[in-house]
Structure formats: C-alpha cells, structure tokens
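Data block below; observations after.
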Amino acid sequence: MTLNRLPDPEKRLSIRDLSKLYNEFVALDHISLDIEQGEKIVVLGPSGSGKSTFIRCLNRIEPHDSGVLMIDGKIIDQKTDLTELRGRVGMVFQNYNLFPHLTVLENCAVAPRLVRSIPRGQAEDTARRILAQVGIAEQASKYPIQLSGGQQQRVAIARALCMDPEIILFDEPTAALDPEAISGVVLIINDLAAQGITTVCVTHEMGFARRIADRIVFMDKGRVQEITPPEEFFTAPRSARAHAFLNEMIRF
Amino acid sequence: MRRAGLLGVLTAGLVTMFATISAWAEALPSFAANGTLTVCTNPTLPPMTFVNGAEASALAGFDVDLVREIAGVWNLRPDIVQMDFEGMFPSLSAGRCGMVISGVMRQATRERNFDAIPYYESSMVVIARTGTPKISSFSELSGQTVAIETGTSYGRLIDIENTALAAHGKPPIRVQLYPSEDQVIQQVLLGRAHAAMSQDVEVLYRRQQLGGKVTTIFKPDIPDFHDFAIYIRKDAVDKARLEHAVEELRRRGTLTALAHKWNIGDTLEETAPARGAPSRFDVQTFLSALTSRAFFKGAAMTLIMALLSHVTAIAISIPIALALNGRRSLIHPVLSAYVAVFRGAPTLLQLLFIWNALPQFLPVFRESWFTPFLAAWISLSINESAYQVEINRAALRAVDRGQSLAAEALGMKKSHVYWHIVFPQALRIALPPTINDFISLLKTTSLASVISLQELLAVTQIQVARTFQFTEYYSAALVWYLGIVFFFLYVQNRIERRFTWADRDKAAAHDA
C-alpha cells in the first residue's frame, strides 16, 4: 500500500512523517499511516519501539515534533483545542487509571459534567447506559478498588465512551487480564467497530492482536516496519525485523 | 477699616484659641495618643500588679490603681496591656506602650535606655522557707541556689556578688531563672532553691497567702533597689510631665491612700496573720477553675488561634507546594528558602521577632491595630505553612501521575484536574499528618503568651500567680488541652472512615 505525500482529509486519521524526539533520542521516526472509520488497528513491536509514544501522540498527550497528524481532515498541532481533540480521541490506559475516590458511575460521568457541562442527572443516565453496554451496570455504585481487573478495564472503556469519541486508543488493554476477560475485551472492541468507532491498540498479546486486528502496524526503533493484515503478518511477515520479533515471541 | 478690624478680631480670637489648645496639649506626654494612655504590666506581682479573681481581665493592685490615677490627672483613658516581664521593655521600645508600671525597681542600668520616675519606696528582700536562719550579707549564700525572675535586675546583683566570691575562692551563688515571681517562690517552697529574691511588698502578700511558709532572711540596703519606678522612653519633656503628675498624686495624698488600700504602708513588718495553708489538691478550686469563664475564654482563644493559623497556613502552603513540585523556575530557590527559614527558626523566636523586632524598623507595626492576636496569627501561620508545604508536597507527589494523565486524556482543564482528581486524593494522604500538625500547633499557641496573648496557658499562669495553687490550675489547663485534642482525634477518625475508597478491607466490608 502506498500513501500520498499529502495527508488524506477523507480518512478518519491521516498521519504523515510524524516524528518525536526526546532530546537526542528519536522516539518516532517519520511515521505515515491512514486509518479508516471503524477500523481496528493493532500496533505491535518490541519494548522501546515507540508504539506507546505513537498512540500518545494521537491525542496529543505527547505532542509530536514534526510531521502531520490529521483527524477528520483537521490538522492537529499546538493550536488545536485539546479539550475538543480529547473528546474525539478517547484513551484506555494500561493500568486503567480509574479515579479511586469516585464511584464507577462518577468515574464515567465526571468528564462529561466538567468538560461538556452536561447536568449531573443526564451525565449519569448516559453513564448507566454505557456501563450496561459494556456489561457492568450492577457495579455502578462501587469504588474501583472493589472491582476485579476485568471489571476495571470495562469501567475504563465506559469512561472513555461516555465522551462519545470517534477514536479510542488502547494502551496494553490485556496486560493484566486472564483469558476469559481478554475475550470480553475482544467482544467490546468488535462492538465499538460496529458502531463506527476506530480503535488503535498497543499490545504484547499476539493471540489478542490476531483476533481483533484489521491491520497490524509493526514498529521497531521508532519506525513503522510494515503494515499488514493479521493472517499475513503472523504467517509471512514481510520485514526481517517482524520475523525476528515473532520468533522471539514464540520462544517465550 | 471695618474689614481690617473684623479680621483683626478674628485673628486675635483664633490665636487665643490655638494657644489654649496647645497649652492644654502641652500638658500631656508625647506617648498619649488618641486620648489613651497605654501601659504595659506583668500582672504576677501582687499586691502591685496581679489578676484579682477568676477573670483574666480583672487587673488589680497598687500599680493598676496608679495607672488609673495618672490617666485621671491627664484626663486620658487608661489601657493596660498584660504581658510577660521579659516582653515589657522591648514593647516599650517598640512604642507598643507609653509606660511600664509593673513593680519594677528604679535602676541606673535601665535608666541608660529609659527614663525612670520613682513613685514608691520599697526594698529588695531575700526570702527563704520559714525557719531558715537569717543572713547578713549575700556572701553567705555562696554555694546555694537562688531563684529569681527572668528579666529582673536581681541577676546582675548576683553576678557582682559572684565575682567577689570568686576573688575569695568561694563557690558562686547558683541562679535559677523563672518567668514569673510565683514560680520563683514555688521553687523555695519545693526546696529546689534555698532562697529567692523579691520585693518586700510581695513577700508580705505571699506570707498571707501561704500561711507564713516563707520569711525574709535578708533585707540588704542597696541604692539600686529602693524605689519602684515608672519607665518611659527617653524624653526629658515627658519625664518632667510624668514627674509632675506623680508629684501631684503624692501631694493629694493619693499614693498614701493606695498604699493603705493595698496594705503596703509603713506598718510593713511581717505581722500579717497567716491564712490556713492550702491543701495538697483542692478539688473545689480545680472544678471552679475548669468551669470558669477565664479558662473557657483561654481555651477558646487557643482553639481559634490554632484553627485560624492552620487554615491560613494551608492556604499559603498549597500554591508553594504546587510550585515546588512543578517545573524548576526562578522562584524555586526563594520558596525553598522560605520553607527552610521558617521550619528552621524556633517558633518562639519568630513570635518575639515579629512582635518586638519588626516594629523597630517598620513603625507601622507599632500602632494599636497590630494586636498580639494579629502578631501571633501571622507568626504561627507562617511557621506552620513551612511544615504544611512539606506535607502537601509529599501528598501531591503520592498521587499517581497516571491520574492526571487520565483526566487530561478525558479533556479536563488543569484546574479541573487539580480540583476534582488530584486534590481529593492528596487530601486523603495529607489528612493524618495535617491533623497531627494541627494538634502540635494547638499546643504551640501557648508560646504566644510571651507576646501577651491571653490563651489558655497565659490564663493559667495568671491564675496561679494570684492563688499559688499550681496543681489545681495546671490540672484544669491539662483537662482543657486534652479535651480539645481528643475532640480533633475523634474528628480525624470520623473523616478517615469516610474515605472507604482508599481501604480495600473496609470497601469489601461495605460491599458485603
């Protein structure tokens, strides 16, 4: 697949030559990629390959240093309204980062109330609906500490969904989950895709990647080494680095 | 011509009027301001100056009456400020009071810095427990312990005597210093000190109170200890006016009448009838002290001062903690220095500095709006804020960075992130050390008695000076302090119980 030099305003996400430096260290090196609406992208790569940095650039938690990031035809840069951007691009963190002092319901309703000035009652109604959608309606009044890992993961997803995003970024969503819970996450992400929500997911879990990805983006040393559908990536990776990476993964 | 004539009459009239006003004004000393005569006293030397009754404000004694009489001569309103003995002369220097009248002896060394106007003859005495043999010179106290009040000039006298003793190869007189005269005498009663130094007028009073347990063993004739004097800041004109006023009172017979009233007249011999000795612990006194208005007001003052200072300290400390936790900038060293200085300097020193030293280079702090309450509030707030900065910094740091990251990823503004996500979690972490600090601060307020704040301990000490019932009044103060502290420990416990989200066990129990 070849990309135009210019970003494509028709795509949900269009990224050209995105680069990020930490002092001398090149964290992201000219990343270019287009992502469609409702597409499920999985970013793979060894530790330190820049995959987490990459998704953190997409909601500008890490501002990029050069290149173009375009969402729905709009260029994202230092002039972008971050509140608006983060309303469009939600994020689910590896440790979920739920707010421990708020109940599950409040965790979900707090951002719509504060950021969008939605009245409490309305925000909580929406939150209840979305909690039901991810299957944990009955946990609404509990505190995060009272929930299992899988339940916390669902709260984190529900919290992001309450902002009604177009894109959700997942940072290692399966890192702390048992196989049953992982299947649950797969179902939820498929459900999101069906609603037209784009997901970009960083993971180490090959089985999970294979089950959900429309396309695998393989990164190493800050660069995109290859972008391939999962069947092809896991059977016949194009790049030598991906080959080595998969061999390494199988060994452990 | 007519106009000129009228003008002439008017001018003449105005000149006469101004002359009259200025003549009237000239009769007043320069330290009389707004019709008020402010006087510093340390009310722990009965019968000269003391608190007579359970009310801290009920000052009485020869000196207190004298203040009223002098104010009467000048047609001024008397305003008597109570403080520790040590605090009086710095306060006089700072212009916080116009005169010191507190049973203070006229002395050449003090007259180098202040003007002294004698008003009553007295003499210094050495006292000891009844039955102690009389002595005829200070040298007989060689090797003995003598208790004296801090800030008085007795210490200097002993220094001179000790030099002479050393020259003769004899052991020196050992000195113990105490902040009030009643504590000085208590050392004699307890046997901790062989003797104590005081004034004959007080000894008479104490003998009555203590049932003749103390007696005068030596009455030296030293010129420096002959007269009680009023002290003012050096000013020849003021001195002449005050001398005139005292002379006027002497001429009217007022001074003699006062001496009679307070039983310090010519019949000053130890013939006073002894009252029954106080019992070991008088439950009745203890209970009435505990429930007295004076103690209630003292405790309220302690509580209000601690609460107000701590709230202010927290308000000051949060922005400093945030700045210090944030990116390094130019104000970092300034804020770090603030914390280091105010955490490093003793609280008592900060109080004395703000109350006594600050007005010397910033005259605005001499004015009456700068009350002991305000000074204590400022000192304690600043002092506590330095500690609170460290608590808050640690608490803010302890909130996982992922929390603000998650909040920002949801589009929250910085202020929302702090108020709704970071602060509530930091509060949970900061609460126990903060309440711990508050309890400590509650007790630190007792230091403010040195700048004459009428908090619980100051009230206690004044009552002890009056009654000499140490155990009963100290116990009442103890009960009040413990009562307040236990209340706040209970509050802490209640608040912590509300934070179920932070405790897995309780959360689980709550769930069940």
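We label chains A, B, ... in the order they appear in the structure tokens, count residues from 1 in each chain, and number ligands from 1 in the order shown.
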
Exercise. Could you write out as number ranges by chain the residues of chain A within 7 Å of chain B, counting only C-alpha atoms?
Worked result: A: 61, 82-83, 86-87, 90-91, 97, 99-101, 111, 115, 143, 145-146

For this session: Kindly give the distance, in Å, that separates atom CA of Arg174 of chain B and atom CA of Leu349 of chain B, rounded to a single decimal.
Result: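 The value is 26.6 Å.
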
Find the spatial neighbours of Arg113 of chain A, counting only C-alpha atoms, within a cut-off of 10 Å - ignore same-chain residues fewer than 5 positions away - and output them as a PDB file with N, CA, C and O atoms, in the first residue's frame.
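After the write, out-v8.pdb holds the following:
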ATOM      1  N   GLU A 106     -19.498   7.749  38.908  1.00  0.00           N
ATOM      2  CA  GLU A 106     -18.877   9.076  38.892  1.00  0.00           C
ATOM      3  C   GLU A 106     -17.643   9.109  37.987  1.00  0.00           C
ATOM      4  O   GLU A 106     -17.383  10.119  37.324  1.00  0.00           O
ATOM      5  N   CYS A 108     -17.359   7.664  35.283  1.00  0.00           N
ATOM      6  CA  CYS A 108     -17.847   7.803  33.909  1.00  0.00           C
ATOM      7  C   CYS A 108     -18.476   9.171  33.661  1.00  0.00           C
ATOM      8  O   CYS A 108     -18.411   9.694  32.558  1.00  0.00           O
ATOM      9  N   ILE A 118     -22.441  18.981  31.034  1.00  0.00           N
ATOM     10  CA  ILE A 118     -23.709  18.240  30.982  1.00  0.00           C
ATOM     11  C   ILE A 118     -24.219  18.091  32.420  1.00  0.00           C
ATOM     12  O   ILE A 118     -23.446  17.785  33.325  1.00  0.00           O
ATOM     13  N   PRO A 119     -25.511  18.341  32.663  1.00  0.00           N
ATOM     14  CA  PRO A 119     -26.039  18.229  34.029  1.00  0.00           C
ATOM     15  C   PRO A 119     -25.804  16.823  34.597  1.00  0.00           C
ATOM     16  O   PRO A 119     -25.801  15.844  33.855  1.00  0.00           O
ATOM     17  N   ARG A 120     -25.637  16.787  35.914  1.00  0.00           N
ATOM     18  CA  ARG A 120     -25.288  15.524  36.574  1.00  0.00           C
ATOM     19  C   ARG A 120     -26.249  14.379  36.209  1.00  0.00           C
ATOM     20  O   ARG A 120     -25.815  13.295  35.833  1.00  0.00           O
ATOM     21  N   GLY A 121     -27.522  14.651  36.302  1.00  0.00           N
ATOM     22  CA  GLY A 121     -28.509  13.599  36.054  1.00  0.00           C
ATOM     23  C   GLY A 121     -28.369  13.009  34.664  1.00  0.00           C
ATOM     24  O   GLY A 121     -28.332  11.788  34.488  1.00  0.00           O
ATOM     25  N   GLN A 122     -28.229  13.886  33.704  1.00  0.00           N
ATOM     26  CA  GLN A 122     -28.123  13.448  32.310  1.00  0.00           C
ATOM     27  C   GLN A 122     -26.824  12.667  32.092  1.00  0.00           C
ATOM     28  O   GLN A 122     -26.817  11.611  31.448  1.00  0.00           O
ATOM     29  N   ALA A 123     -25.724  13.202  32.664  1.00  0.00           N
ATOM     30  CA  ALA A 123     -24.425  12.541  32.516  1.00  0.00           C
ATOM     31  C   ALA A 123     -24.472  11.145  33.132  1.00  0.00           C
ATOM     32  O   ALA A 123     -23.923  10.189  32.577  1.00  0.00           O
ATOM     33  N   GLU A 124     -25.171  11.034  34.271  1.00  0.00           N
ATOM     34  CA  GLU A 124     -25.223   9.731  34.939  1.00  0.00           C
ATOM     35  C   GLU A 124     -26.133   8.756  34.203  1.00  0.00           C
ATOM     36  O   GLU A 124     -25.868   7.549  34.180  1.00  0.00           O
ATOM     37  N   MET A 163     -17.524  10.043  26.654  1.00  0.00           N
ATOM     38  CA  MET A 163     -17.214  11.296  25.977  1.00  0.00           C
ATOM     39  C   MET A 163     -17.604  11.224  24.497  1.00  0.00           C
ATOM     40  O   MET A 163     -17.333  12.138  23.740  1.00  0.00           O
TER      41      MET A 163
END

For this session: Rank A:Ile76, A:Ala176, A:Val92, A:Ile35 by their smallest atom-to-atom distance to Arg215 of chain A, using only C-alpha atoms, and report the top residue only.
Result: A:Ile35

Problem set entry | DSSP strand (DSSP E or B) residues within segment 13-227 of chain A, as a VMD selection string | chain A and resid 13 to 22 25 to 35 40 to 44 66 to 71 74 to 75 89 to 92 167 to 171 198 to 202 215 to 220 223 to 227

Exercise. Which of these residues is nearest to Arg223 of chain A, using only C-alpha atoms: A:Gly45, A:Pro9, A:Gly135, A:Gly38?
Worked result: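 Checking each candidate against Arg223 of chain A, we get A:Gly45 as the closest.
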
Problem set entry | For Ile135 of chain B, the nearest of the candidates B:Lys219, B:Lys213, B:Arg280, B:Arg207, counting only C-alpha atoms |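 Of the candidates, the smallest distance to Ile135 of chain B is held by B:Lys219.
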
Exercise. Atom CA of Ala58 of chain B and atom CA of Gln199 of chain B are how many Å apart?
Worked result: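 Answer for the atom CA of Ala58 of chain B to atom CA of Gln199 of chain B separation: 22.7 Å.
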
Exercise. So which residues touch Ile316 of chain B within 9 Å, counting only C-alpha atoms, skipping near sequence neighbours fewer than 2 positions away, as a PyMOL selection string?
Worked result: chain B and resi 311-314+318-320+381-382+385-386+388-389

Exercise. In Å, how far is it from atom CA of Glu472 of chain B to atom CA of Val459 of chain B?
Worked result: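 Between atom CA of Glu472 of chain B and atom CA of Val459 of chain B the gap is 13.2 Å.
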
For this session: Excluding segment 226-228 of chain A and any residue of its chain fewer than 5 positions from it, enumerate the residues within 9 Å of it, using only C-alpha atoms, and give them as a VMD selection string.
Result: chain A and resid 1 33 214 to 219 233 237 to 239 242

Writing out the chosen residues with N, CA, C and O atoms as a PDB file, in the first residue's frame:
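New file again23.pdb:
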ATOM      1  N   MET A   1       0.856  -1.199   0.000  1.00  0.00           N
ATOM      2  CA  MET A   1       0.000   0.000   0.000  1.00  0.00           C
ATOM      3  C   MET A   1       0.885   1.240   0.000  1.00  0.00           C
ATOM      4  O   MET A   1       1.760   1.382   0.838  1.00  0.00           O
ATOM      5  N   LEU A  33       0.701   6.866   7.999  1.00  0.00           N
ATOM      6  CA  LEU A  33      -0.341   5.837   8.116  1.00  0.00           C
ATOM      7  C   LEU A  33      -1.702   6.488   7.922  1.00  0.00           C
ATOM      8  O   LEU A  33      -1.925   7.603   8.362  1.00  0.00           O
ATOM      9  N   ASP A 214      -7.744  -5.451  12.178  1.00  0.00           N
ATOM     10  CA  ASP A 214      -7.980  -5.388  10.735  1.00  0.00           C
ATOM     11  C   ASP A 214      -6.620  -5.306  10.056  1.00  0.00           C
ATOM     12  O   ASP A 214      -6.370  -5.937   9.036  1.00  0.00           O
ATOM     13  N   ARG A 215      -5.744  -4.483  10.669  1.00  0.00           N
ATOM     14  CA  ARG A 215      -4.371  -4.382  10.161  1.00  0.00           C
ATOM     15  C   ARG A 215      -3.420  -4.318  11.350  1.00  0.00           C
ATOM     16  O   ARG A 215      -3.733  -3.753  12.384  1.00  0.00           O
ATOM     17  N   ILE A 216      -2.255  -4.937  11.165  1.00  0.00           N
ATOM     18  CA  ILE A 216      -1.189  -4.869  12.167  1.00  0.00           C
ATOM     19  C   ILE A 216      -0.191  -3.817  11.706  1.00  0.00           C
ATOM     20  O   ILE A 216       0.218  -3.812  10.543  1.00  0.00           O
ATOM     21  N   VAL A 217       0.141  -2.892  12.621  1.00  0.00           N
ATOM     22  CA  VAL A 217       1.231  -1.963  12.339  1.00  0.00           C
ATOM     23  C   VAL A 217       2.403  -2.441  13.169  1.00  0.00           C
ATOM     24  O   VAL A 217       2.329  -2.466  14.403  1.00  0.00           O
ATOM     25  N   PHE A 218       3.475  -2.867  12.509  1.00  0.00           N
ATOM     26  CA  PHE A 218       4.627  -3.351  13.267  1.00  0.00           C
ATOM     27  C   PHE A 218       5.692  -2.264  13.329  1.00  0.00           C
ATOM     28  O   PHE A 218       6.101  -1.721  12.299  1.00  0.00           O
ATOM     29  N   MET A 219       6.093  -1.922  14.550  1.00  0.00           N
ATOM     30  CA  MET A 219       7.083  -0.860  14.726  1.00  0.00           C
ATOM     31  C   MET A 219       8.341  -1.398  15.359  1.00  0.00           C
ATOM     32  O   MET A 219       8.308  -2.315  16.174  1.00  0.00           O
ATOM     33  N   PHE A 233       0.571 -11.183   8.574  1.00  0.00           N
ATOM     34  CA  PHE A 233       1.655 -10.815   9.490  1.00  0.00           C
ATOM     35  C   PHE A 233       2.125 -12.012  10.293  1.00  0.00           C
ATOM     36  O   PHE A 233       3.316 -12.222  10.482  1.00  0.00           O
ATOM     37  N   PRO A 237       5.433 -12.599   7.665  1.00  0.00           N
ATOM     38  CA  PRO A 237       5.765 -11.177   7.802  1.00  0.00           C
ATOM     39  C   PRO A 237       6.754 -10.728   6.729  1.00  0.00           C
ATOM     40  O   PRO A 237       7.610 -11.518   6.338  1.00  0.00           O
ATOM     41  N   ARG A 238       6.550  -9.479   6.272  1.00  0.00           N
ATOM     42  CA  ARG A 238       7.375  -9.015   5.159  1.00  0.00           C
ATOM     43  C   ARG A 238       8.770  -8.617   5.629  1.00  0.00           C
ATOM     44  O   ARG A 238       9.742  -8.849   4.949  1.00  0.00           O
ATOM     45  N   SER A 239       8.827  -7.967   6.779  1.00  0.00           N
ATOM     46  CA  SER A 239      10.118  -7.423   7.205  1.00  0.00           C
ATOM     47  C   SER A 239      10.900  -8.440   8.030  1.00  0.00           C
ATOM     48  O   SER A 239      10.335  -9.282   8.723  1.00  0.00           O
ATOM     49  N   ALA A 242      10.222  -8.023  11.772  1.00  0.00           N
ATOM     50  CA  ALA A 242       8.987  -8.640  12.237  1.00  0.00           C
ATOM     51  C   ALA A 242       9.190 -10.139  12.403  1.00  0.00           C
ATOM     52  O   ALA A 242       8.714 -10.752  13.361  1.00  0.00           O
TER      53      ALA A 242
END

Find the residues near Phe342 of chain B: any atom within 10 Å, counting only C-alpha atoms, skip ones fewer than 4 places away on the same chain, and give them as an mmCIF file with all heavy atoms, in the first residue's frame.
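Saved file around06.cif follows:
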data_model
loop_
_atom_site.group_PDB
_atom_site.id
_atom_site.type_symbol
_atom_site.label_atom_id
_atom_site.label_comp_id
_atom_site.auth_asym_id
_atom_site.auth_seq_id
_atom_site.Cartn_x
_atom_site.Cartn_y
_atom_site.Cartn_z
ATOM 1 N N ALA B 337 13.905 28.545 50.275
ATOM 2 C CA ALA B 337 14.479 29.320 51.380
ATOM 3 C C ALA B 337 13.401 29.654 52.400
ATOM 4 O O ALA B 337 13.624 29.548 53.610
ATOM 5 C CB ALA B 337 15.116 30.603 50.845
ATOM 6 N N TYR B 338 12.221 30.013 51.927
ATOM 7 C CA TYR B 338 11.092 30.303 52.824
ATOM 8 C C TYR B 338 10.825 29.113 53.738
ATOM 9 O O TYR B 338 10.749 29.247 54.961
ATOM 10 C CB TYR B 338 9.857 30.625 51.966
ATOM 11 C CG TYR B 338 8.560 30.783 52.737
ATOM 12 C CD1 TYR B 338 8.150 32.032 53.190
ATOM 13 C CD2 TYR B 338 7.726 29.696 52.985
ATOM 14 C CE1 TYR B 338 6.968 32.189 53.886
ATOM 15 C CE2 TYR B 338 6.536 29.838 53.674
ATOM 16 C CZ TYR B 338 6.155 31.091 54.116
ATOM 17 O OH TYR B 338 4.987 31.239 54.803
ATOM 18 N N PRO B 346 13.158 28.660 65.604
ATOM 19 C CA PRO B 346 12.205 28.297 66.657
ATOM 20 C C PRO B 346 10.960 29.187 66.612
ATOM 21 O O PRO B 346 11.070 30.384 66.326
ATOM 22 C CB PRO B 346 12.981 28.562 67.950
ATOM 23 C CG PRO B 346 14.403 28.614 67.557
ATOM 24 C CD PRO B 346 14.445 29.071 66.145
ATOM 25 N N THR B 347 9.816 28.578 66.866
ATOM 26 C CA THR B 347 8.559 29.320 66.800
ATOM 27 C C THR B 347 8.564 30.494 67.777
ATOM 28 O O THR B 347 8.087 31.587 67.461
ATOM 29 C CB THR B 347 7.387 28.386 67.134
ATOM 30 O OG1 THR B 347 7.599 27.161 66.442
ATOM 31 C CG2 THR B 347 6.075 28.982 66.716
ATOM 32 N N GLN B 350 10.361 33.357 66.342
ATOM 33 C CA GLN B 350 9.586 34.031 65.301
ATOM 34 C C GLN B 350 8.540 34.955 65.915
ATOM 35 O O GLN B 350 8.314 36.064 65.431
ATOM 36 C CB GLN B 350 8.911 33.007 64.397
ATOM 37 C CG GLN B 350 9.907 32.225 63.564
ATOM 38 C CD GLN B 350 9.235 31.188 62.700
ATOM 39 O OE1 GLN B 350 8.168 31.437 62.148
ATOM 40 N NE2 GLN B 350 9.839 30.034 62.572
ATOM 41 N N SER B 379 2.631 35.028 62.845
ATOM 42 C CA SER B 379 3.805 34.199 63.151
ATOM 43 C C SER B 379 3.484 32.716 63.020
ATOM 44 O O SER B 379 4.218 31.972 62.369
ATOM 45 C CB SER B 379 4.285 34.446 64.581
ATOM 46 O OG SER B 379 4.365 35.802 64.845
ATOM 47 N N LEU B 380 2.382 32.305 63.642
ATOM 48 C CA LEU B 380 2.057 30.880 63.652
ATOM 49 C C LEU B 380 1.664 30.397 62.260
ATOM 50 O O LEU B 380 1.983 29.274 61.879
ATOM 51 C CB LEU B 380 0.950 30.586 64.670
ATOM 52 C CG LEU B 380 1.314 30.848 66.140
ATOM 53 C CD1 LEU B 380 0.118 30.627 67.043
ATOM 54 C CD2 LEU B 380 2.474 29.971 66.579
ATOM 55 N N ILE B 382 2.762 31.555 59.341
ATOM 56 C CA ILE B 382 3.975 31.435 58.528
ATOM 57 C C ILE B 382 4.762 30.208 58.953
ATOM 58 O O ILE B 382 5.193 29.402 58.127
ATOM 59 C CB ILE B 382 4.828 32.717 58.650
ATOM 60 C CG1 ILE B 382 4.117 33.885 57.977
ATOM 61 C CG2 ILE B 382 6.202 32.505 58.034
ATOM 62 C CD1 ILE B 382 4.812 35.212 58.162
ATOM 63 N N ASN B 383 4.902 30.060 60.256
ATOM 64 C CA ASN B 383 5.649 28.924 60.780
ATOM 65 C C ASN B 383 5.022 27.604 60.347
ATOM 66 O O ASN B 383 5.685 26.716 59.816
ATOM 67 C CB ASN B 383 5.680 29.028 62.312
ATOM 68 C CG ASN B 383 6.512 27.934 62.935
ATOM 69 O OD1 ASN B 383 6.013 27.109 63.660
ATOM 70 N ND2 ASN B 383 7.789 27.912 62.622
ATOM 71 N N GLU B 384 3.719 27.498 60.523
ATOM 72 C CA GLU B 384 3.031 26.255 60.202
ATOM 73 C C GLU B 384 3.027 26.002 58.694
ATOM 74 O O GLU B 384 3.097 24.861 58.244
ATOM 75 C CB GLU B 384 1.603 26.278 60.750
ATOM 76 C CG GLU B 384 0.791 25.020 60.499
ATOM 77 C CD GLU B 384 1.463 23.764 61.022
ATOM 78 O OE1 GLU B 384 2.124 23.831 62.060
ATOM 79 O OE2 GLU B 384 1.327 22.716 60.361
ATOM 80 N N SER B 385 2.935 27.077 57.909
ATOM 81 C CA SER B 385 2.880 26.894 56.452
ATOM 82 C C SER B 385 4.133 26.192 55.949
ATOM 83 O O SER B 385 4.076 25.412 55.009
ATOM 84 C CB SER B 385 2.689 28.234 55.739
ATOM 85 O OG SER B 385 3.852 29.020 55.833
ATOM 86 N N ALA B 386 5.273 26.457 56.591
ATOM 87 C CA ALA B 386 6.513 25.812 56.157
ATOM 88 C C ALA B 386 6.428 24.297 56.332
ATOM 89 O O ALA B 386 6.885 23.537 55.480
ATOM 90 C CB ALA B 386 7.699 26.378 56.929
ATOM 91 N N TYR B 387 5.820 23.875 57.447
ATOM 92 C CA TYR B 387 5.646 22.437 57.657
ATOM 93 C C TYR B 387 4.612 21.872 56.691
ATOM 94 O O TYR B 387 4.757 20.800 56.137
ATOM 95 C CB TYR B 387 5.199 22.151 59.093
ATOM 96 C CG TYR B 387 6.275 22.397 60.099
ATOM 97 C CD1 TYR B 387 6.386 23.610 60.751
ATOM 98 C CD2 TYR B 387 7.213 21.406 60.378
ATOM 99 C CE1 TYR B 387 7.397 23.843 61.665
ATOM 100 C CE2 TYR B 387 8.220 21.622 61.293
ATOM 101 C CZ TYR B 387 8.306 22.841 61.943
ATOM 102 O OH TYR B 387 9.299 23.067 62.836
#

Exercise. Looking at A:Gln139, A:Asn107, A:Ser148, A:Gln225, which one is nearest to His243 of chain A, with distances taken over only C-alpha atoms?
Worked result: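 Of all the options, A:Gln225 lies closest to His243 of chain A.
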
Exercise. Would you give me, as an NGL selection string, the residues in segment 86-226 of chain B that DSSP reads as helix (DSSP H, G or I)?
Worked result: :B and (86-93 or 108-111 or 138-141 or 154-167 or 181-190 or 200-209 or 223-225)

Atoms kept (C-alpha atoms) for selection, written as a CSV table (one decimal), in the first residue's frame:
chain,number,residue,atom,x,y,z
B,86,GLU,CA,10.6,40.0,79.6
B,87,GLY,CA,8.3,41.4,77.0
B,88,MET,CA,7.7,44.7,78.7
B,89,PHE,CA,10.8,46.7,77.9
B,90,PRO,CA,11.0,45.6,74.3
B,91,SER,CA,7.4,46.6,74.0
B,92,LEU,CA,8.1,50.0,75.5
B,93,SER,CA,11.0,50.4,73.0
B,108,ALA,CA,20.9,53.1,86.9
B,109,THR,CA,21.4,50.4,84.2
B,110,ARG,CA,17.8,50.6,83.0
B,111,GLU,CA,18.0,54.4,83.1
B,138,PHE,CA,25.0,38.0,100.1
B,139,SER,CA,28.2,36.1,100.5
B,140,GLU,CA,26.5,33.8,103.0
B,141,LEU,CA,24.5,32.5,100.0
B,154,TYR,CA,18.5,40.7,90.6
B,155,GLY,CA,20.6,38.6,88.3
B,156,ARG,CA,23.1,41.3,87.8
B,157,LEU,CA,23.4,41.8,91.5
B,158,ILE,CA,24.2,38.2,92.0
B,159,ASP,CA,26.8,38.4,89.2
B,160,ILE,CA,28.6,41.2,91.0
B,161,GLU,CA,28.5,39.2,94.2
B,162,ASN,CA,29.8,36.1,92.5
B,163,THR,CA,32.8,38.0,91.1
B,164,ALA,CA,33.6,38.9,94.7
B,165,LEU,CA,33.1,35.4,95.9
B,166,ALA,CA,35.4,34.1,93.1
B,167,ALA,CA,38.0,36.5,94.2
B,181,GLU,CA,7.5,35.7,90.5
B,182,ASP,CA,5.1,33.0,91.7
B,183,GLN,CA,7.2,30.3,90.1
B,184,VAL,CA,10.3,31.8,91.8
B,185,ILE,CA,8.6,31.4,95.2
B,186,GLN,CA,7.3,28.0,94.4
B,187,GLN,CA,11.0,26.8,94.0
B,188,VAL,CA,11.6,27.9,97.6
B,189,LEU,CA,8.6,26.1,98.8
B,190,LEU,CA,9.6,22.9,96.9
B,200,ASP,CA,9.2,43.3,100.5
B,201,VAL,CA,5.7,44.2,99.4
B,202,GLU,CA,5.2,41.0,97.6
B,203,VAL,CA,6.6,38.9,100.4
B,204,LEU,CA,4.0,40.3,102.8
B,205,TYR,CA,1.3,39.4,100.4
B,206,ARG,CA,2.6,35.9,99.8
B,207,ARG,CA,3.1,35.3,103.5
B,208,GLN,CA,-0.6,35.8,104.0
B,209,GLN,CA,-1.4,33.5,101.1
B,223,PRO,CA,20.6,52.1,96.4
B,224,ASP,CA,19.6,50.4,93.2
B,225,PHE,CA,16.7,48.6,94.9

For this session: Using only C-alpha atoms, determine which residues lie at most 9 Å from Val186 of chain A, disregarding the query and same-chain residues fewer than 3 positions distant; provide the list as a ChimeraX atom specification.
Result: /A:181-183,189-191,208,211-212

For this session: Name the closest residue to Gly222 of chain A among the candidates A:Leu102, A:Leu21, A:Ala156, A:Val26; distances are taken between atoms, counting only C-alpha atoms.
Result: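 For Gly222 of chain A, the nearest of the given residues is A:Val26.
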